[in-house]
file model21.json (JSON, C-alpha atoms)
[["chain", "number", "residue", "atom", "x", "y", "z"],
["A", 1, "MET", "CA", 2.39, 48.98, 10.52],
["A", 2, "VAL", "CA", -0.88, 47.23, 9.77],
["A", 3, "LEU", "CA", -1.51, 43.50, 10.11],
["A", 4, "PHE", "CA", -3.64, 41.97, 7.37],
["A", 5, "TYR", "CA", -5.36, 38.59, 7.58],
["A", 6, "THR", "CA", -7.44, 36.65, 5.08],
["A", 7, "SER", "CA", -10.52, 34.74, 6.18],
["A", 8, "ASN", "CA", -11.92, 31.86, 4.15],
["A", 9, "ALA", "CA", -14.82, 31.35, 6.54],
["A", 10, "LEU", "CA", -17.21, 31.56, 3.58],
["A", 11, "GLY", "CA", -15.06, 29.45, 1.27],
["A", 12, "ASP", "CA", -11.91, 29.89, -0.78],
["A", 13, "ASP", "CA", -13.87, 31.60, -3.55],
["A", 14, "ASN", "CA", -15.24, 34.24, -1.17],
["A", 15, "LEU", "CA", -12.24, 35.52, 0.79],
["A", 16, "LEU", "CA", -12.58, 38.35, 3.30],
["A", 17, "SER", "CA", -10.00, 40.84, 4.52],
["A", 18, "ILE", "CA", -9.40, 41.47, 8.23],
["A", 19, "TYR", "CA", -6.88, 43.99, 9.47],
["A", 20, "ALA", "CA", -5.54, 45.41, 12.74],
["A", 21, "GLY", "CA", -3.16, 48.03, 14.03],
["A", 22, "LYS", "CA", 0.16, 46.73, 15.33],
["A", 23, "ASP", "CA", -0.03, 48.99, 18.40],
["A", 24, "LYS", "CA", -2.24, 51.61, 20.01],
["A", 25, "PHE", "CA", -0.69, 54.40, 17.95],
["A", 26, "GLU", "CA", -1.52, 52.61, 14.71],
["A", 27, "ASN", "CA", -5.01, 52.08, 16.13],
["A", 28, "GLU", "CA", -5.39, 55.86, 16.23],
["A", 29, "ASP", "CA", -4.75, 56.04, 12.50],
["A", 30, "LEU", "CA", -7.19, 53.22, 11.80],
["A", 31, "ILE", "CA", -9.90, 54.97, 13.82],
["A", 32, "ARG", "CA", -9.39, 58.01, 11.62],
["A", 33, "TYR", "CA", -8.92, 56.37, 8.23],
["A", 34, "ALA", "CA", -11.01, 53.18, 8.30],
["A", 35, "LEU", "CA", -13.77, 52.95, 5.71],
["A", 36, "GLU", "CA", -17.16, 53.94, 7.11],
["A", 37, "ASN", "CA", -18.55, 50.46, 6.57],
["A", 38, "ASP", "CA", -15.54, 48.57, 7.90],
["A", 39, "ILE", "CA", -16.60, 46.72, 11.03],
["A", 40, "TRP", "CA", -14.64, 47.29, 14.25],
["A", 41, "PHE", "CA", -14.21, 44.46, 16.79],
["A", 42, "HIS", "CA", -12.96, 44.62, 20.38],
["A", 43, "VAL", "CA", -13.10, 42.50, 23.53],
["A", 44, "ASP", "CA", -15.78, 44.00, 25.74],
["A", 45, "LYS", "CA", -14.45, 45.73, 28.87],
["A", 46, "LEU", "CA", -10.89, 44.43, 28.37],
["A", 47, "SER", "CA", -7.81, 45.69, 26.62],
["A", 48, "SER", "CA", -7.48, 44.15, 23.16],
["A", 49, "PRO", "CA", -6.44, 44.88, 19.59],
["A", 50, "HIS", "CA", -8.72, 46.85, 17.30],
["A", 51, "ILE", "CA", -9.73, 44.39, 14.60],
["A", 52, "TYR", "CA", -11.52, 45.52, 11.44],
["A", 53, "LEU", "CA", -13.46, 43.51, 8.89],
["A", 54, "ARG", "CA", -13.56, 44.93, 5.37],
["A", 55, "LEU", "CA", -17.25, 44.43, 4.69],
["A", 56, "PRO", "CA", -18.01, 43.28, 1.11],
["A", 57, "ALA", "CA", -20.77, 45.04, -0.81],
["A", 58, "SER", "CA", -22.92, 41.92, -0.67],
["A", 59, "MET", "CA", -23.00, 41.87, 3.14],
["A", 60, "THR", "CA", -24.65, 44.14, 5.72],
["A", 61, "TRP", "CA", -23.10, 44.72, 9.11],
["A", 62, "ASP", "CA", -26.17, 43.52, 11.02],
["A", 63, "ALA", "CA", -26.30, 40.23, 9.11],
["A", 64, "ILE", "CA", -22.67, 39.08, 9.17],
["A", 65, "PRO", "CA", -22.54, 35.26, 9.00],
["A", 66, "SER", "CA", -21.65, 33.59, 12.29],
["A", 67, "LYS", "CA", -18.59, 31.93, 10.75],
["A", 68, "VAL", "CA", -17.18, 35.34, 9.87],
["A", 69, "LEU", "CA", -17.98, 36.70, 13.32],
["A", 70, "GLU", "CA", -16.21, 33.69, 14.79],
["A", 71, "ASP", "CA", -13.03, 34.40, 12.81],
["A", 72, "CYS", "CA", -12.94, 38.07, 13.79],
["A", 73, "SER", "CA", -13.81, 37.34, 17.41],
["A", 74, "GLN", "CA", -11.24, 34.57, 17.82],
["A", 75, "LEU", "CA", -8.57, 36.86, 16.40],
["A", 76, "VAL", "CA", -9.37, 39.78, 18.69],
["A", 77, "LYS", "CA", -9.65, 37.47, 21.71],
["A", 78, "ALA", "CA", -6.27, 35.90, 20.95],
["A", 79, "GLY", "CA", -4.70, 39.34, 20.81],
["A", 80, "SER", "CA", -5.99, 40.34, 24.23],
["A", 81, "ILE", "CA", -3.55, 39.50, 27.04],
["A", 82, "GLU", "CA", -6.32, 39.09, 29.58],
["A", 83, "GLY", "CA", -9.10, 38.01, 27.24],
["A", 84, "ASN", "CA", -7.01, 35.23, 25.74],
["A", 85, "LYS", "CA", -6.78, 33.54, 29.13],
["A", 86, "LYS", "CA", -10.51, 33.64, 29.79],
["A", 87, "ASP", "CA", -13.48, 31.61, 28.64],
["A", 88, "ASN", "CA", -16.89, 33.09, 27.91],
["A", 89, "VAL", "CA", -15.65, 36.37, 26.52],
["A", 90, "THR", "CA", -17.95, 38.92, 24.89],
["A", 91, "ILE", "CA", -16.82, 40.62, 21.70],
["A", 92, "ILE", "CA", -18.43, 43.90, 20.67],
["A", 93, "TYR", "CA", -18.59, 45.11, 17.08],
["A", 94, "THR", "CA", -19.95, 48.13, 15.23],
["A", 95, "PRO", "CA", -19.43, 50.02, 11.94],
["A", 96, "SER", "CA", -16.31, 52.16, 12.14],
["A", 97, "LYS", "CA", -18.39, 55.27, 11.39],
["A", 98, "ASN", "CA", -20.01, 54.73, 14.80],
["A", 99, "LEU", "CA", -16.67, 55.11, 16.61],
["A", 100, "LYS", "CA", -16.37, 58.35, 18.55],
["A", 101, "LYS", "CA", -13.03, 59.87, 19.48],
["A", 102, "THR", "CA", -12.62, 62.99, 21.64],
["A", 103, "GLY", "CA", -9.50, 64.89, 22.49],
["A", 104, "ASP", "CA", -9.52, 63.95, 26.17],
["A", 105, "MET", "CA", -9.36, 60.20, 25.48],
["A", 106, "ASP", "CA", -6.25, 58.07, 25.87],
["A", 107, "VAL", "CA", -4.41, 56.91, 22.76],
["A", 108, "GLY", "CA", -6.34, 54.04, 21.17],
["A", 109, "SER", "CA", -9.48, 54.60, 23.25],
["A", 110, "VAL", "CA", -12.88, 55.11, 21.68],
["A", 111, "THR", "CA", -16.54, 55.32, 22.54],
["A", 112, "PHE", "CA", -19.65, 55.28, 20.33],
["A", 113, "HIS", "CA", -21.96, 57.80, 18.77],
["A", 114, "ASN", "CA", -24.88, 55.42, 19.16],
["A", 115, "ASP", "CA", -24.81, 52.51, 21.60],
["A", 116, "LYS", "CA", -27.75, 50.91, 19.78],
["A", 117, "LEU", "CA", -25.44, 50.27, 16.82],
["A", 118, "VAL", "CA", -23.17, 48.03, 18.90],
["A", 119, "LYS", "CA", -23.69, 44.27, 18.67],
["A", 120, "ARG", "CA", -22.23, 41.48, 20.80],
["A", 121, "PHE", "CA", -20.86, 38.04, 20.01],
["A", 122, "HIS", "CA", -20.20, 35.39, 22.64],
["A", 123, "VAL", "CA", -16.96, 33.39, 22.49],
["A", 124, "PRO", "CA", -17.05, 30.36, 24.84],
["A", 125, "THR", "CA", -13.35, 29.55, 24.48],
["A", 126, "ARG", "CA", -10.33, 30.02, 22.25],
["A", 127, "VAL", "CA", -10.33, 27.84, 19.14],
["A", 128, "ASN", "CA", -6.70, 27.31, 18.16],
["A", 129, "ALA", "CA", -7.60, 25.94, 14.73],
["A", 130, "VAL", "CA", -9.24, 29.24, 13.80],
["A", 131, "VAL", "CA", -6.48, 31.42, 15.24],
["A", 132, "ASN", "CA", -3.73, 29.35, 13.61],
["A", 133, "ARG", "CA", -5.51, 29.37, 10.24],
["A", 134, "LEU", "CA", -5.76, 33.15, 10.29],
["A", 135, "ASN", "CA", -2.21, 33.67, 11.56],
["A", 136, "LYS", "CA", -0.87, 31.70, 8.60],
["A", 137, "THR", "CA", -2.32, 34.37, 6.31],
["A", 138, "LYS", "CA", -0.88, 37.33, 8.23],
["A", 139, "VAL", "CA", 0.93, 39.98, 6.21],
["A", 140, "VAL", "CA", 2.50, 43.07, 7.80],
["A", 141, "LYS", "CA", 2.47, 46.22, 5.66],
["A", 142, "GLU", "CA", 3.45, 49.83, 5.99],
["A", 143, "VAL", "CA", 0.37, 51.81, 4.97],
["A", 144, "ASP", "CA", 0.22, 55.43, 3.84],
["A", 145, "HIS", "CA", -3.26, 56.13, 5.20],
["A", 146, "GLU", "CA", -3.48, 59.64, 3.76],
["A", 147, "ALA", "CA", -2.55, 58.46, 0.26],
["A", 148, "GLU", "CA", -5.06, 55.61, 0.50],
["A", 149, "LEU", "CA", -7.75, 58.06, 1.59],
["A", 150, "VAL", "CA", -7.05, 60.31, -1.41],
["A", 151, "ALA", "CA", -7.11, 57.29, -3.73],
["A", 152, "ARG", "CA", -10.43, 56.11, -2.28],
["A", 153, "GLN", "CA", -11.93, 59.58, -2.66],
["A", 154, "LYS", "CA", -10.81, 59.75, -6.30],
["A", 155, "GLU", "CA", -12.25, 56.32, -7.02],
["A", 156, "ALA", "CA", -15.52, 57.23, -5.29],
["A", 157, "SER", "CA", -15.70, 60.41, -7.38],
["A", 158, "ARG", "CA", -15.01, 58.44, -10.57],
["A", 159, "VAL", "CA", -17.74, 55.90, -9.75],
["A", 160, "LYS", "CA", -20.18, 58.69, -8.87],
["A", 161, "LYS", "CA", -19.54, 60.47, -12.19],
["A", 162, "ALA", "CA", -19.84, 57.21, -14.13],
["A", 163, "ASP", "CA", -23.14, 56.44, -12.40],
["A", 164, "ALA", "CA", -24.43, 59.94, -13.16],
["A", 165, "LEU", "CA", -23.49, 59.62, -16.85],
["A", 166, "GLN", "CA", -25.17, 56.21, -17.03],
["A", 167, "ARG", "CA", -28.35, 57.56, -15.45],
["A", 168, "LYS", "CA", -28.34, 60.51, -17.86],
["A", 169, "LYS", "CA", -27.92, 58.16, -20.82],
["A", 170, "GLU", "CA", -30.76, 55.94, -19.59],
["A", 171, "GLN", "CA", -33.02, 58.98, -19.08],
["A", 172, "GLU", "CA", -32.25, 60.24, -22.59],
["A", 173, "GLU", "CA", -32.99, 56.81, -24.07],
["A", 174, "LEU", "CA", -36.23, 56.64, -22.12],
["A", 175, "ALA", "CA", -37.23, 60.12, -23.32],
["A", 176, "LYS", "CA", -36.56, 59.10, -26.94],
["A", 177, "GLN", "CA", -38.59, 55.95, -26.50],
["A", 178, "ARG", "CA", -41.53, 57.83, -25.00],
["A", 179, "LYS", "CA", -41.38, 60.44, -27.77],
["A", 180, "ALA", "CA", -41.40, 57.73, -30.44],
["A", 181, "GLU", "CA", -44.32, 55.98, -28.76],
["A", 182, "ALA", "CA", -46.23, 59.28, -28.52],
["A", 183, "GLU", "CA", -45.62, 60.01, -32.21],
["A", 184, "ALA", "CA", -46.71, 56.50, -33.13],
["A", 185, "ARG", "CA", -49.94, 56.90, -31.18],
["A", 186, "SER", "CA", -50.59, 60.26, -32.83],
["A", 187, "TYR", "CA", -49.99, 58.75, -36.29],
["A", 188, "ASP", "CA", -52.30, 55.83, -35.59],
["A", 189, "SER", "CA", -54.95, 58.24, -34.31],
["A", 190, "VAL", "CA", -54.98, 60.17, -37.59],
["A", 191, "PHE", "CA", -55.78, 57.05, -39.57],
["A", 192, "ALA", "CA", -58.21, 55.70, -37.01],
["A", 193, "ASN", "CA", -60.33, 58.86, -37.24],
["A", 194, "ALA", "CA", -60.12, 59.34, -41.00],
["A", 195, "ASP", "CA", -63.14, 58.63, -43.29],
["A", 196, "PRO", "CA", -62.01, 55.85, -45.63],
["A", 197, "THR", "CA", -64.08, 57.34, -48.48],
["A", 198, "ASP", "CA", -62.51, 60.80, -48.24],
["A", 199, "ASN", "CA", -59.83, 60.05, -50.83],
["A", 200, "VAL", "CA", -61.95, 57.85, -53.14],
["A", 201, "ASP", "CA", -62.71, 59.27, -56.64],
["A", 202, "ASP", "CA", -66.44, 59.24, -57.46],
["A", 203, "ASP", "CA", -65.63, 57.73, -60.88],
["A", 204, "ASP", "CA", -64.55, 54.54, -59.06],
["A", 205, "PHE", "CA", -68.22, 53.85, -58.30],
["A", 206, "MET", "CA", -69.49, 54.26, -61.81]]
call {"tool": "encode", "arguments": {"input": "model21.json", "output": "structure tokens"}}
result
Amino acid sequence: MVLFYTSNALGDDNLLSIYAGKDKFENEDLIRYALENDIWFHVDKLSSPHIYLRLPASMTWDAIPSKVLEDCSQLVKAGSIEGNKKDNVTIIYTPSKNLKKTGDMDVGSVTFHNDKLVKRFHVPTRVNAVVNRLNKTKVVKEVDHEAELVARQKEASRVKKADALQRKKEQEELAKQRKAEAEARSYDSVFANADPTDNVDDDDFM
């Protein structure tokens, strides 16, 4: 089961999706099937849920607005048995593609491919208003991760083909335009170099 939350940190017309595994076994699936650009959040050095932010196309992971970081961080802090009781907690976050999982790790445990791609966000204390707002949006769903992966791959392939066809069309249009311009220049050149008296009958001057 996957828990889905909706954040309106950026306004009701710019809603963001946050999701989490219900337990450590679901976390394993999320580690495997999360989108590469989904952003993973966890309480640093403490046990906590794995929270993911579905990053919109208009946002980069290293420039996430602080209000959005606050929502994700408050949610992951609240879900940590130990972290929820503490003040001044550090939340770490990184793109899911940076998560590294090896066979000798415990269920739900991860490390990173590149530590330099891990950022930190400081949470002074729990803010109940934020946690309560997000909890009111919670929806629990059964997710077929494999089917979703196949659907995403098909959509990505469709978009890639559509982009390729559009580029081909644009290149063909550009080639036609350049050919027409070249022909126009050649036509103009013929008349620019022609002697205007070449086609004049001598009788016209009599």
call {"tool": "closest_residue", "arguments": {"input": "model21.json", "among": "A:Ala129, A:Ala147, A:Ile39, A:Val110", "to": "Thr94 in chain A", "atoms": "only C-alpha atoms"}}
result
A:Ile39
call {"tool": "closest_residue", "arguments": {"input": "model21.json", "among": "A:Leu35, A:Val159, A:Val131, A:Leu3", "to": "Leu99 in chain A", "atoms": "only C-alpha atoms"}}
result
A:Leu35
call {"tool": "closest_residue", "arguments": {"input": "model21.json", "among": "A:Thr6, A:Lys119, A:Glu28, A:Ile91", "to": "Trp61 in chain A", "atoms": "all atoms listed in the file"}}
result
A:Lys119
call {"tool": "atom_distance", "arguments": {"input": "model21.json", "atom1": "CA of Glu142 in chain A", "atom2": "CA of Asp29 in chain A"}}
result
12.2 Å
call {"tool": "atom_distance", "arguments": {"input": "model21.json", "atom1": "CA of Leu55 in chain A", "atom2": "CA of Asn14 in chain A"}}
result
11.9 Å
call {"tool": "residues_around", "arguments": {"input": "model21.json", "residues": "Asp38 in chain A", "least_positions_apart": "2", "cutoff": "12 Å", "atoms": "all atoms listed in the file", "output": "PyMOL selection string"}}
result
chain A and resi 16-20+30-36+40-41+50-57+59-61+64+93-99
call {"tool": "atom_distance", "arguments": {"input": "model21.json", "atom1": "CA of Glu183 in chain A", "atom2": "CA of Gln171 in chain A"}}
result
18.2 Å
call {"tool": "closest_residue", "arguments": {"input": "model21.json", "among": "A:Glu148, A:Phe121, A:Phe25, A:Gln166", "to": "Asp62 in chain A", "atoms": "all atoms listed in the file"}}
result
A:Phe121
call {"tool": "residues_around", "arguments": {"input": "model21.json", "residues": "range 73-76 of chain A", "least_positions_apart": "3", "cutoff": "9 Å", "atoms": "all atoms listed in the file", "output": "number ranges by chain"}}
result
A: 41-43, 48-51, 68-70, 79-80, 83-84, 90-92, 121-123, 125-128, 130-131, 134-135
call {"tool": "closest_residue", "arguments": {"input": "model21.json", "among": "A:Asp115, A:Glu172, A:Asp44, A:Asp23", "to": "Lys77 in chain A", "atoms": "only C-alpha atoms"}}
result
A:Asp44
call {"tool": "build_atoms", "arguments": {"input": "model21.json", "residues": "range 32-53 of chain A", "atoms": "N, CA, C and O atoms", "output": "mmCIF file, in the frame of the given file"}}
result
data_model
loop_
_atom_site.group_PDB
_atom_site.id
_atom_site.type_symbol
_atom_site.label_atom_id
_atom_site.label_comp_id
_atom_site.auth_asym_id
_atom_site.auth_seq_id
_atom_site.Cartn_x
_atom_site.Cartn_y
_atom_site.Cartn_z
ATOM 1 N N ARG A 32 -9.210 56.831 12.469
ATOM 2 C CA ARG A 32 -9.390 58.010 11.620
ATOM 3 C C ARG A 32 -9.614 57.653 10.146
ATOM 4 O O ARG A 32 -10.428 58.299 9.467
ATOM 5 N N TYR A 33 -8.924 56.627 9.667
ATOM 6 C CA TYR A 33 -8.920 56.370 8.230
ATOM 7 C C TYR A 33 -9.712 55.142 7.783
ATOM 8 O O TYR A 33 -9.817 54.892 6.581
ATOM 9 N N ALA A 34 -10.255 54.365 8.702
ATOM 10 C CA ALA A 34 -11.010 53.180 8.300
ATOM 11 C C ALA A 34 -12.204 53.582 7.427
ATOM 12 O O ALA A 34 -12.768 54.670 7.588
ATOM 13 N N LEU A 35 -12.573 52.700 6.511
ATOM 14 C CA LEU A 35 -13.770 52.950 5.710
ATOM 15 C C LEU A 35 -14.991 52.985 6.624
ATOM 16 O O LEU A 35 -15.046 52.271 7.626
ATOM 17 N N GLU A 36 -15.972 53.782 6.261
ATOM 18 C CA GLU A 36 -17.160 53.940 7.110
ATOM 19 C C GLU A 36 -17.862 52.622 7.389
ATOM 20 O O GLU A 36 -18.418 52.421 8.457
ATOM 21 N N ASN A 37 -17.845 51.733 6.410
ATOM 22 C CA ASN A 37 -18.550 50.460 6.570
ATOM 23 C C ASN A 37 -17.645 49.319 6.992
ATOM 24 O O ASN A 37 -18.091 48.166 7.048
ATOM 25 N N ASP A 38 -16.370 49.592 7.281
ATOM 26 C CA ASP A 38 -15.540 48.570 7.900
ATOM 27 C C ASP A 38 -16.085 48.313 9.302
ATOM 28 O O ASP A 38 -16.548 49.240 9.977
ATOM 29 N N ILE A 39 -16.010 47.078 9.742
ATOM 30 C CA ILE A 39 -16.600 46.720 11.030
ATOM 31 C C ILE A 39 -15.497 46.541 12.068
ATOM 32 O O ILE A 39 -14.571 45.759 11.879
ATOM 33 N N TRP A 40 -15.622 47.262 13.161
ATOM 34 C CA TRP A 40 -14.640 47.290 14.250
ATOM 35 C C TRP A 40 -15.008 46.261 15.309
ATOM 36 O O TRP A 40 -16.162 46.173 15.728
ATOM 37 N N PHE A 41 -14.013 45.475 15.747
ATOM 38 C CA PHE A 41 -14.210 44.460 16.790
ATOM 39 C C PHE A 41 -13.273 44.725 17.956
ATOM 40 O O PHE A 41 -12.134 45.156 17.772
ATOM 41 N N HIS A 42 -13.763 44.419 19.165
ATOM 42 C CA HIS A 42 -12.960 44.620 20.380
ATOM 43 C C HIS A 42 -13.509 43.710 21.469
ATOM 44 O O HIS A 42 -14.714 43.420 21.504
ATOM 45 N N VAL A 43 -12.628 43.256 22.368
ATOM 46 C CA VAL A 43 -13.100 42.500 23.530
ATOM 47 C C VAL A 43 -13.802 43.463 24.474
ATOM 48 O O VAL A 43 -13.274 44.527 24.801
ATOM 49 N N ASP A 44 -14.997 43.116 24.890
ATOM 50 C CA ASP A 44 -15.780 44.000 25.740
ATOM 51 C C ASP A 44 -15.134 44.143 27.119
ATOM 52 O O ASP A 44 -14.808 43.151 27.779
ATOM 53 N N LYS A 45 -14.917 45.386 27.534
ATOM 54 C CA LYS A 45 -14.450 45.730 28.870
ATOM 55 C C LYS A 45 -13.041 45.248 29.198
ATOM 56 O O LYS A 45 -12.633 45.249 30.367
ATOM 57 N N LEU A 46 -12.287 44.842 28.180
ATOM 58 C CA LEU A 46 -10.890 44.430 28.370
ATOM 59 C C LEU A 46 -10.018 45.077 27.302
ATOM 60 O O LEU A 46 -10.498 45.434 26.223
ATOM 61 N N SER A 47 -8.748 45.189 27.608
ATOM 62 C CA SER A 47 -7.810 45.690 26.620
ATOM 63 C C SER A 47 -7.637 44.640 25.526
ATOM 64 O O SER A 47 -7.515 43.443 25.812
ATOM 65 N N SER A 48 -7.645 45.094 24.273
ATOM 66 C CA SER A 48 -7.480 44.150 23.160
ATOM 67 C C SER A 48 -7.099 44.924 21.904
ATOM 68 O O SER A 48 -7.172 46.154 21.876
ATOM 69 N N PRO A 49 -6.701 44.201 20.864
ATOM 70 C CA PRO A 49 -6.440 44.880 19.590
ATOM 71 C C PRO A 49 -7.731 45.458 19.024
ATOM 72 O O PRO A 49 -8.831 45.069 19.426
ATOM 73 N N HIS A 50 -7.593 46.372 18.087
ATOM 74 C CA HIS A 50 -8.720 46.850 17.300
ATOM 75 C C HIS A 50 -8.681 46.068 15.999
ATOM 76 O O HIS A 50 -7.770 46.233 15.195
ATOM 77 N N ILE A 51 -9.656 45.206 15.806
ATOM 78 C CA ILE A 51 -9.730 44.390 14.600
ATOM 79 C C ILE A 51 -10.821 44.940 13.696
ATOM 80 O O ILE A 51 -11.905 45.290 14.166
ATOM 81 N N TYR A 52 -10.525 45.017 12.404
ATOM 82 C CA TYR A 52 -11.520 45.520 11.440
ATOM 83 C C TYR A 52 -11.782 44.470 10.365
ATOM 84 O O TYR A 52 -10.861 43.827 9.868
ATOM 85 N N LEU A 53 -13.041 44.345 10.015
ATOM 86 C CA LEU A 53 -13.460 43.510 8.890
ATOM 87 C C LEU A 53 -13.821 44.415 7.726
ATOM 88 O O LEU A 53 -14.639 45.328 7.887
#
